[in-house]
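Enquirer: One structure coming up, written as structure tokens, with questions to follow.
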Amino acid sequence: MSAAVETTAPRGRRRKPIDGWRWAGRLLLVIMLFYTAVPMLWMLITSIKSGFAAMQFPPQWWPDEPTLASYQKLLDPQNSVGQDFLHFFWNSLFVSTITTVLSVVVAVPAAYAFSRFSFPGRNFLFFSVLLRNMFPAVIFLVPLFILMRILGLVNTPGSLILTYMTFGLPLAIWLLKGFYDNIPVQLEQAARIDGATRFQAFVTIVMPLSGPGIIATAIYSFIGAWNEYIYAYTFLNKNDQLTLPIGIQRFFSENTTDFPGLMAASFMMSVPVVVLFLVLQRYFVRALTEGAVKH
Amino acid sequence: MTTVTSQAETSSRIAAARTSLPSKIWQHRADYAYVLPAILVMLIVIAYPIYYTIDLSFFKTPPGLQLKDKVFIGLDNYTAILTSEVFWKVTLNTLIWTAASTLVSFALGFAAALALHRDFIGRGTIRAILIIPWVISAVAASYIWKWIYHSEFGIIGAVLVQLHVLDRMPNFIDSVNTVLPSLIVVNIWREFPFAMIMMTAGLQTVPDQLLRAARVDGANPWQRFWHVTFPHLSNVSTVTILLLAVANFNSFIIPWIMTGGGPANASHIWITHIYELAFGRQRWGVASAYSVLLFIILMTLGYFYVRALSGNERRERNT
């Protein structure tokens with residue numbers, strides 16, 4: 001009896017530190033989940049309240065009369081708020097999609113070249129591409145605004161697409177280069193031996209293999225363009241050209257107390273990118289791994 | 001003897017490189033075609049703005065972007081900035097904002113990555129939930145938190161009052177003392193998932209054999225982390241911290257939407273201040289001079305960034 005106690009006690013003591021760390025980890029995760037999820041839950045709960053229910057103290061932790069009125073208002077093309085919201089939504093979708101397609105088209109060959117060829121100035125060009133990411137939008141705003149005026153693009157989606165491409169490109173090239181670095185050169189060499197030109201080898205061998213990389217890059221470009229605020233805020237001032245972030249800001253400055261409406265709009269604005277992210281999460285995280293860590 | 005030959009070797013190599021550079025470029029002319037579209041777009045939208053900003057920083061500009069009427073004033077814009085009180089206030093804010101956001105985001109992200117390293121049921125779900133703040137728009141995040149911090153109906157204040165921690169609703173973002181920390185909490189909410197992803201990726205590269213060997217040698221979990229895992233992650237950590245620092249230094253949306261820099265400049269950081277100078281008060285010359293100063297700071301950071309990255313590459317080539 002006493003022997004059993006003696007043998008289990010030290011084992012228990014030896015295990016204790018491991019359990020301690022594991023419990024610390026679990027506790028941390030619970031706190032982090034709380035920190036992350038509570039603001040988002042509160043957004044959802046507020047969005048299904050009436051304007052009156054949102055403005056109460058103490059707050060209704062769960063609305064007495066849940067209502068989808070805010071969503072109906074935003075999605076109804078008959079009233080002016082809904083009309084504007086759907087319009088902004090469409091503008092955002094248009095700009096983000098075109099930006100994504102163009103970014104991928106330009107970034108694929110560039111990333112491939114940075115990964116495979118060793119031409120003079122390669123490192124210089126690669127790092128200057130990366131350095132672009134370090135500069136804030138504000139530095140480029142005034143000159144770009146004037147440039148857009150010269151090009152006649154102010155108040156058009158073109159101004160946004162052109163700028164979004166440039167801030168998306170460095171990251172796109174960086175991520176894709178990581179993918180190309182991991183595709184064995186031997187595959188292309190085999191194709192070359194079989195008589196393919198370098199370009200043919202690129203199109204027929206490398207492109208199909210880099211699908212996941214292209215998907216990941218596309219998601220990044222799309223989310224970046226969808227969420228962009230400062231250029232859109234500066235370049236656009238016609239109501240029918242605004243994208244969602246600016247549209248929501250306008251909405252808030254006109255309806256300062258309609259928090260349910262604002263939360264519903266924030267939620268609707270987050271849906272496309274969150275869904276996109278959750279569906280394609282695999283590629284998303286892998287891209288960062290390949291690009292940044294194994295780099 | 002050896003030094004002489006190696007010197008001769010390097011000088012001859014330099015000479016060879018010099019004579020053959022044009023022909024080398026010519027040889028590789030097809031390679032440039034792949035990079036050209038990217039470089040062209042970047043040149044239009046980057047090189048020109050940089051030149052333009054530097055140029056404008058030496059001029060006194062009239063409001064309304066009537067730039068024909070600008071007057072050359074040399075370095076006056078720079079001296080005006082460096083002697084103004086607001087500059088030092090904003091710089092201090094920026095330092096606090098950048099350092100606190102970066103370090104806490106990194107620590108939380110790293111800790112979360114470690115806690116999620118061991119496989120368990122629901123790990124994928126938890127990870128996905130933790131990443132969502134990073135995906136949603138900063139504008140949406142700003143409004144969500146503005147509502148959470150609301151001075152009459154905010155949920156944090158309401159909970160604190162209901163639990164009798166406070167006897168009246170606190171002012172999170174309308175008070176000079178609490179506004180900056182409150183905004184930093186929002187920023188960390190959006191930034192830590194990035195650190196988490198990077199460190200998760202990094203953790204996967206730590207060889208299992210080393211950890212097992214350390215355990216056999218009797219290392220406790222802390223020792224295993226400190227002597228095996230952590231040294232392995234020094235590169236990823238450097239890159240992550242640098243990227244976070246640059247992103248935080250450049251943040252704009254959260255302070256701009258939530259407070260617009262107020263109250264009394266208490267939440268102005270460099271970028272919001274520059275924006276207000278340029279587009280709010282239309283002092284383009286001063287704003288450009290600010291941008292040039294910013295530029296210099298970022299180039300310094302960029303130097304370390306490139307060094308960290310190319311350090312990675314060199315090490316990889318050696319292995």
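Simple scheme: letters A, B, ... for chains in structure tokens order, numbers from 1 for residues in each chain, numbers from 1 for ligands in the order shown.
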Considering only C-alpha atoms, return as a PyMOL selection string whatever protein or nucleic-acid residues lie within 12 Å of Gln83 in chain A, sequence-local ones (same chain, fewer than 3 positions apart) excluded.
Expert: chain A and resi 72-80+86-90+239-240+247
Enquirer: Quick one: residues within 9 Å of Lys60 in chain B, only C-alpha atoms, excluding same-chain residues fewer than 3 positions away - as a PyMOL selection string?
Expert: chain B and resi 56-57+69-73+76-77+283-286
Enquirer: Find the residue from B:Met299, B:Ile241, B:Leu103, B:Leu163 that sits nearest to chain A; use only C-alpha atoms when measuring.
Expert: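 Nearest candidate to chain A out of B:Met299, B:Ile241, B:Leu103, B:Leu163: B:Met299.
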Enquirer: Between B:Leu243, B:His164, B:Gly280, B:Thr91, single out the one closest to chain A, counting only C-alpha atoms.
Expert: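 Of B:Leu243, B:His164, B:Gly280, B:Thr91, the one nearest chain A, counting only C-alpha atoms, is B:Leu243.
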Enquirer: CA of Arg282 in chain A and CA of Ala216 in chain A, how far apart in Å?
Expert: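 Here the two named atoms are 8.8 Å from each other.
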Enquirer: Tell me the residues of chain B close to chain A, meaning within 6 Å using only C-alpha atoms, as a PyMOL selection string.
Expert: chain B and resi 28+34-35+38+42+49+115+136-137+140+201+250+291
Enquirer: Could you state the separation of CA of Val179 in chain B and CA of Trp97 in chain B in Å, given to one decimal place?
Expert: 11.1 Å
